[in-house]
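Trainee: See model-v7.cif below, with mmCIF, C-alpha atoms.
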data_data
#
loop_
_atom_site.group_PDB
_atom_site.id
_atom_site.type_symbol
_atom_site.label_atom_id
_atom_site.label_comp_id
_atom_site.auth_asym_id
_atom_site.auth_seq_id
_atom_site.Cartn_x
_atom_site.Cartn_y
_atom_site.Cartn_z
ATOM 1 C CA MET C 53 108.481 87.375 31.241
ATOM 2 C CA TRP C 54 109.388 88.153 34.833
ATOM 3 C CA ARG C 55 112.073 87.841 37.496
ATOM 4 C CA ILE C 56 112.184 88.520 41.227
ATOM 5 C CA ASP C 57 115.332 90.083 42.727
ATOM 6 C CA ARG C 58 115.964 90.530 46.432
ATOM 7 C CA ASN C 59 118.638 92.759 47.925
ATOM 8 C CA SER C 60 120.411 92.944 51.264
ATOM 9 C CA ARG C 61 117.925 95.502 52.609
ATOM 10 C CA ALA C 62 115.093 92.946 52.468
ATOM 11 C CA GLU C 63 113.561 94.690 49.456
ATOM 12 C CA THR C 64 111.948 92.662 46.717
ATOM 13 C CA TYR C 65 111.810 93.786 43.100
ATOM 14 C CA LEU C 66 109.619 92.260 40.427
ATOM 15 C CA TYR C 67 110.854 92.907 36.879
ATOM 16 C CA ILE C 68 108.443 92.336 34.022
ATOM 17 C CA VAL C 69 109.033 92.614 30.280
ATOM 18 C CA SER C 70 105.757 92.692 28.398
ATOM 19 C CA PRO C 71 104.434 94.005 25.093
ATOM 20 C CA ASP C 72 101.641 95.667 27.101
ATOM 21 C CA LYS C 73 101.947 98.067 30.024
ATOM 22 C CA PRO C 74 101.199 95.959 33.129
ATOM 23 C CA ASP C 75 98.727 96.961 35.831
ATOM 24 C CA LEU C 76 99.871 95.405 39.101
ATOM 25 C CA THR C 77 97.007 96.612 41.294
ATOM 26 C CA HIS C 78 95.851 93.044 41.894
ATOM 27 C CA LEU C 79 99.305 92.003 43.164
ATOM 28 C CA VAL C 80 99.403 94.886 45.632
ATOM 29 C CA GLU C 81 95.882 94.044 46.833
ATOM 30 C CA GLN C 82 96.667 90.324 47.194
ATOM 31 C CA GLY C 83 99.930 91.089 48.989
ATOM 32 C CA GLY C 84 98.018 93.024 51.630
ATOM 33 C CA TRP C 85 100.152 96.185 51.595
ATOM 34 C CA PRO C 86 98.229 98.668 49.462
ATOM 35 C CA GLU C 87 99.821 101.644 51.243
ATOM 36 C CA THR C 88 103.398 100.563 50.378
ATOM 37 C CA GLY C 89 102.828 99.048 46.950
ATOM 38 C CA ARG C 90 103.879 101.039 43.938
ATOM 39 C CA TRP C 91 105.345 100.282 40.593
ATOM 40 C CA ASP C 92 107.026 102.090 37.775
ATOM 41 C CA THR C 93 106.762 101.252 34.096
ATOM 42 C CA TYR C 94 109.130 102.299 31.355
ATOM 43 C CA ASP C 95 109.116 102.164 27.587
ATOM 44 C CA TYR C 96 111.831 99.626 26.669
ATOM 45 C CA GLU C 97 112.307 100.799 23.067
ATOM 46 C CA PRO C 98 114.577 103.826 23.712
ATOM 47 C CA PHE C 99 116.953 101.597 25.693
ATOM 48 C CA LEU C 100 116.860 98.766 23.155
ATOM 49 C CA SER C 101 117.625 101.188 20.315
ATOM 50 C CA ARG C 102 120.848 102.254 22.110
ATOM 51 C CA LEU C 103 122.371 98.769 21.884
ATOM 52 C CA ALA C 104 125.283 98.658 19.455
ATOM 53 C CA ALA C 105 127.915 96.102 18.527
ATOM 54 C CA GLY C 106 130.933 96.426 20.805
ATOM 55 C CA GLY C 107 128.935 98.024 23.640
ATOM 56 C CA ARG C 108 129.745 96.689 27.100
ATOM 57 C CA TRP C 109 127.115 96.234 29.776
ATOM 58 C CA ALA C 110 126.709 94.695 33.201
ATOM 59 C CA PHE C 111 124.019 92.029 33.123
ATOM 60 C CA ARG C 112 121.883 89.858 35.367
ATOM 61 C CA LEU C 113 120.148 86.716 34.190
ATOM 62 C CA THR C 114 118.209 84.218 36.244
ATOM 63 C CA ALA C 115 118.019 81.048 34.194
ATOM 64 C CA ASN C 116 117.241 77.349 34.261
ATOM 65 C CA PRO C 117 120.440 75.858 32.767
ATOM 66 C CA VAL C 118 119.588 72.384 31.495
ATOM 67 C CA HIS C 119 120.757 69.743 29.058
ATOM 68 C CA SER C 120 119.244 66.575 27.622
ATOM 69 C CA ILE C 121 120.600 63.201 28.683
ATOM 70 C CA ARG C 122 119.935 59.593 27.796
ATOM 71 C CA ARG C 123 120.765 57.106 30.548
ATOM 72 C CA LYS C 124 120.415 53.980 28.382
ATOM 73 C CA ASP C 125 120.560 53.302 24.646
ATOM 74 C CA GLY C 126 117.122 53.470 23.093
ATOM 75 C CA GLU C 127 115.712 55.438 26.006
ATOM 76 C CA PRO C 128 114.186 58.851 25.247
ATOM 77 C CA THR C 129 116.210 61.862 26.317
ATOM 78 C CA LYS C 130 115.326 63.624 29.552
ATOM 79 C CA VAL C 131 115.811 67.311 30.311
ATOM 80 C CA THR C 132 118.077 67.562 33.358
ATOM 81 C CA ALA C 133 119.437 70.539 35.288
ATOM 82 C CA HIS C 134 123.124 71.386 35.356
ATOM 83 C CA VAL C 135 123.969 71.194 39.052
ATOM 84 C CA THR C 136 127.550 72.483 39.292
ATOM 85 C CA GLN C 137 128.568 76.106 38.823
ATOM 86 C CA ARG C 138 131.104 75.033 36.177
ATOM 87 C CA HIS C 139 128.399 73.328 34.080
ATOM 88 C CA GLN C 140 125.983 76.219 34.649
ATOM 89 C CA LEU C 141 128.595 78.686 33.423
ATOM 90 C CA ASP C 142 129.383 76.449 30.448
ATOM 91 C CA TRP C 143 125.653 76.442 29.617
ATOM 92 C CA LEU C 144 125.648 80.254 29.430
ATOM 93 C CA LEU C 145 128.896 80.389 27.445
ATOM 94 C CA LYS C 146 127.425 77.868 24.984
ATOM 95 C CA HIS C 147 124.383 80.115 24.455
ATOM 96 C CA GLN C 148 126.157 83.483 24.312
ATOM 97 C CA GLU C 149 126.981 83.582 20.590
ATOM 98 C CA ARG C 150 123.426 82.655 19.549
ATOM 99 C CA ALA C 151 122.123 85.271 22.009
ATOM 100 C CA GLY C 152 124.001 88.213 20.468
ATOM 101 C CA PHE C 153 126.643 88.758 23.156
ATOM 102 C CA LYS C 154 129.845 87.411 24.601
ATOM 103 C CA VAL C 155 130.757 87.354 28.262
ATOM 104 C CA VAL C 156 133.801 89.583 28.857
ATOM 105 C CA GLU C 157 137.011 87.682 29.577
ATOM 106 C CA ARG C 158 139.385 88.686 32.372
ATOM 107 C CA PRO C 159 143.018 89.365 31.545
ATOM 108 C CA ALA C 160 145.249 86.498 32.721
ATOM 109 C CA ASP C 161 146.817 88.659 35.442
ATOM 110 C CA ARG C 162 143.356 89.292 37.001
ATOM 111 C CA GLN C 163 142.341 85.635 37.187
ATOM 112 C CA LEU C 164 142.318 84.325 40.741
ATOM 113 C CA VAL C 165 142.482 80.725 39.537
ATOM 114 C CA PRO C 166 144.139 80.871 36.088
ATOM 115 C CA GLY C 167 142.011 79.151 33.479
ATOM 116 C CA LEU C 168 139.042 78.630 35.807
ATOM 117 C CA ASP C 169 137.777 82.179 36.263
ATOM 118 C CA ARG C 170 138.452 83.450 32.762
ATOM 119 C CA HIS C 171 135.179 85.374 32.531
ATOM 120 C CA GLU C 172 133.801 88.386 34.384
ATOM 121 C CA ILE C 173 130.839 86.532 35.793
ATOM 122 C CA VAL C 174 129.526 85.186 39.077
ATOM 123 C CA VAL C 175 127.058 82.298 39.306
ATOM 124 C CA HIS C 176 125.020 82.516 42.520
ATOM 125 C CA ASP C 177 121.638 82.222 44.215
ATOM 126 C CA ARG C 178 120.996 78.601 43.284
ATOM 127 C CA ARG C 179 117.391 77.691 44.099
ATOM 128 C CA GLN C 180 115.360 74.582 43.534
ATOM 129 C CA LEU C 181 111.799 75.607 42.746
ATOM 130 C CA SER C 182 108.766 73.375 42.908
ATOM 131 C CA PHE C 183 105.271 74.256 41.718
ATOM 132 C CA ALA C 184 101.995 72.415 41.549
ATOM 133 C CA LYS C 185 100.716 72.297 37.998
ATOM 134 C CA ARG C 186 97.016 72.006 37.325
ATOM 135 C CA GLY C 187 96.073 68.616 35.952
ATOM 136 C CA GLN C 188 99.338 66.916 36.976
ATOM 137 C CA LYS C 189 99.972 64.810 40.062
ATOM 138 C CA ALA C 190 103.715 65.438 40.249
ATOM 139 C CA PRO C 191 104.919 69.001 40.862
ATOM 140 C CA VAL C 192 107.085 70.858 38.374
ATOM 141 C CA THR C 193 110.609 71.009 39.811
ATOM 142 C CA LEU C 194 113.390 73.102 38.360
ATOM 143 C CA LEU C 195 116.734 74.612 39.277
ATOM 144 C CA ALA C 196 117.216 78.368 38.898
ATOM 145 C CA VAL C 197 120.541 80.181 39.167
ATOM 146 C CA THR C 198 121.478 83.825 38.759
ATOM 147 C CA PHE C 199 124.363 85.025 36.598
ATOM 148 C CA ASP C 200 125.846 88.491 37.245
ATOM 149 C CA GLY C 201 128.577 89.636 34.907
ATOM 150 C CA ARG C 202 129.737 91.837 32.075
ATOM 151 C CA LEU C 203 129.014 91.295 28.409
ATOM 152 C CA GLU C 204 129.919 92.753 25.053
ATOM 153 C CA VAL C 205 127.236 93.092 22.392
ATOM 154 C CA THR C 206 128.079 91.098 19.246
ATOM 155 C CA ASP C 207 124.714 91.258 17.444
ATOM 156 C CA PRO C 208 122.368 94.009 18.699
ATOM 157 C CA ASP C 209 119.308 92.648 16.854
ATOM 158 C CA VAL C 210 119.681 89.170 18.329
ATOM 159 C CA LEU C 211 120.344 90.580 21.803
ATOM 160 C CA ARG C 212 117.217 92.764 21.545
ATOM 161 C CA HIS C 213 115.263 89.592 20.802
ATOM 162 C CA VAL C 214 116.763 87.886 23.884
ATOM 163 C CA LEU C 215 115.989 90.900 26.085
ATOM 164 C CA THR C 216 112.336 90.873 25.010
ATOM 165 C CA ARG C 217 111.774 87.099 24.654
ATOM 166 C CA GLY C 218 114.177 85.564 27.180
ATOM 167 C CA LEU C 219 117.009 83.056 27.232
ATOM 168 C CA GLY C 220 116.577 79.381 28.013
ATOM 169 C CA ARG C 221 113.671 77.478 29.490
ATOM 170 C CA ALA C 222 111.221 77.928 32.377
ATOM 171 C CA LYS C 223 110.184 81.469 31.467
ATOM 172 C CA SER C 224 106.767 80.862 33.046
ATOM 173 C CA TYR C 225 108.553 80.261 36.345
ATOM 174 C CA GLY C 226 110.646 83.455 36.565
ATOM 175 C CA CYS C 227 113.623 82.341 34.468
ATOM 176 C CA GLY C 228 115.041 83.729 31.242
ATOM 177 C CA LEU C 229 114.806 87.484 31.855
ATOM 178 C CA MET C 230 118.135 89.241 31.245
ATOM 179 C CA THR C 231 118.576 92.850 32.307
ATOM 180 C CA LEU C 232 121.427 95.206 31.415
ATOM 181 C CA ALA C 233 122.931 98.187 33.223
ATOM 182 C CA GLU C 234 125.727 100.620 32.489
ATOM 183 C CA ALA C 235 129.009 98.802 33.113
#
Now that the file is in, can you turn its structure into structure tokens?
Mentor:
Amino acid sequence: MWRIDRNSRAETYLYIVSPDKPDLTHLVEQGGWPETGRWDTYDYEPFLSRLAAGGRWAFRLTANPVHSIRRKDGEPTKVTAHVTQRHQLDWLLKHQERAGFKVVERPADRQLVPGLDRHEIVVHDRRQLSFAKRGQKAPVTLLAVTFDGRLEVTDPDVLRHVLTRGLGRAKSYGCGLMTLAEA
């Protein structure tokens, strides 16, 4: 699983979660900057073992929030992207319990729009991605959004699974990787 993050200083970070230690030499060589390319790898297990119920963490997740729709009776369902921030947030809130966490709620006096910004989360960086897929005429098109927020761990074992296996669809296309940081 992987995700690309970019910051305001024009730096690009590639995050990878893998059961094996990755060797990224080929990426540095293909990118053409062997003198600037470097990477660090870390053992994930010590961090994962620190997760405990009730722990609060800042998180980032780039995901492909989708739902299945049927336009006509008898028609097969079709996977379709959620296009509004409200629906994208609802997608994450729907998945939180099964993913071993809950997004932290803001106290009523800290809500800018009471009832509409109840959670400590920002949905941003909406991107439509399109990729050619071998053997198919039509490209694969998907919508990716990034969620930044705060969460509370409700089930550490389930959350560990999400952190190592991903959340949602399109993991082959840079979606699904959730990272945590001290809140």
Trainee: Please expand the PyMOL selection byres ((chain C and resi 90-104) around 8) into the concrete residues it hits in this file, giving the result as a ChimeraX atom specification.
Mentor: /C:73-74,76,80,88-89,105-107,205,207-208,212
Trainee: Given the file shown, determine the residues that the PyMOL selection byres ((chain C and resi 54-70) around 8) selects; report them as a list in words.
Mentor: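 Written out, the selection comes to Met53, Pro71, Asp72, Lys73, Pro74, Thr114, Thr216, Lys223, Ser224, Gly226, Cys227 and Leu229 of chain C.
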Trainee: Give me the residues within 12 Å of Lys130 of chain C as a ChimeraX atom specification, counting only C-alpha atoms and dropping any in the same chain fewer than 4 places off.
Mentor: /C:118-124
Trainee: Work out how far apart atom CA of Thr193 of chain C and atom CA of Arg150 of chain C are and give it in Å to one decimal.
Mentor: 26.7 Å
Trainee: For atom CA of Glu172 of chain C and atom CA of Val131 of chain C, determine how far apart the two atoms are, in Å to one decimal place.
Mentor: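 Going from atom CA of Glu172 of chain C over to atom CA of Val131 of chain C, I get 28.0 Å.
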Trainee: Between C:Gln163, C:Thr206, C:Thr77, C:Thr136, single out the one closest to Arg178 of chain C, counting all atoms listed in the file.
Mentor: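 When distances to Arg178 of chain C are compared using all atoms listed in the file, the smallest one comes from C:Thr136.
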Trainee: Within 8 Å of Arg112 of chain C, counting all atoms listed in the file, which residues qualify if same-chain residues fewer than 6 places away don't, as a count of residues only?
Mentor: 7
Trainee: Gln148 of chain C: which residues within 10 Å, counting only C-alpha atoms, same-chain residues fewer than 6 positions away excluded, as number ranges by chain?
Mentor: C: 142, 154-155, 203, 205-206, 211, 219
Trainee: I'd like the contact shell of Arg202 of chain C - 7 Å cut-off, only C-alpha atoms, skipping same-chain residues fewer than 2 positions apart - returned as a PyMOL selection string.
Mentor: chain C and resi 108-111+155-156+172-173
Trainee: Using all atoms listed in the file, can you tell me which of C:Val210, C:Lys185, C:His134, C:Leu144 comes closest to His171 of chain C?
Mentor: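 Of C:Val210, C:Lys185, C:His134, C:Leu144, the one nearest His171 of chain C is C:Leu144, counting all atoms listed in the file.
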Trainee: Out of C:Asp75, C:Asp209, C:Asp177, C:Glu157, which residue has the shortest atom-to-atom distance to Ala115 of chain C when counting only C-alpha atoms?
Mentor: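 The shortest atom-to-atom distance to Ala115 of chain C comes from C:Asp177.
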Trainee: Mind pulling up the distance from atom CA of Val197 of chain C to atom CA of Trp143 of chain C?
Mentor: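 Distance reported for this atom pair: 11.5 Å.
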Trainee: Taking only C-alpha atoms into account, which of C:Gly220, C:Glu234, C:Val214, C:His78 comes nearest Gly152 of chain C?
Mentor: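 Comparing C:Gly220, C:Glu234, C:Val214, C:His78 against Gly152 of chain C, the winner is C:Val214.
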Trainee: Select, from C:Leu79, C:Ala151, C:Leu145, C:Val135, the residue with the minimum atom-to-atom distance to Gly218 of chain C, counting all atoms listed in the file.
Mentor: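 Among the listed residues, C:Ala151 lies closest to Gly218 of chain C.
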Trainee: Could you check the closest approach to Asp169 of chain C for each of C:Arg138, C:Leu181, C:His147, C:Arg186 and tell me which residue wins, using only C-alpha atoms?
Mentor: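 Nearest candidate to Asp169 of chain C out of C:Arg138, C:Leu181, C:His147, C:Arg186: C:Arg138.
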Trainee: Env of Leu194 of chain C: 7 Å cut, atoms = all atoms listed in the file, seq-sep filter 2 positions within chain, self excluded. Answer as a list in words.
Mentor: Gln180, Leu181, Ser182, Val192 and Ala196 of chain C
Trainee: Mind giving me the axis-aligned box for segment 98-106 of chain C with 8 Å on every side, centre plus edges in Å to one decimal, as lines of an AutoDock Vina configuration file?
Mentor:
center_x = 122.8
center_y = 100.0
center_z = 22.1
size_x = 32.4
size_y = 23.7
size_z = 23.2
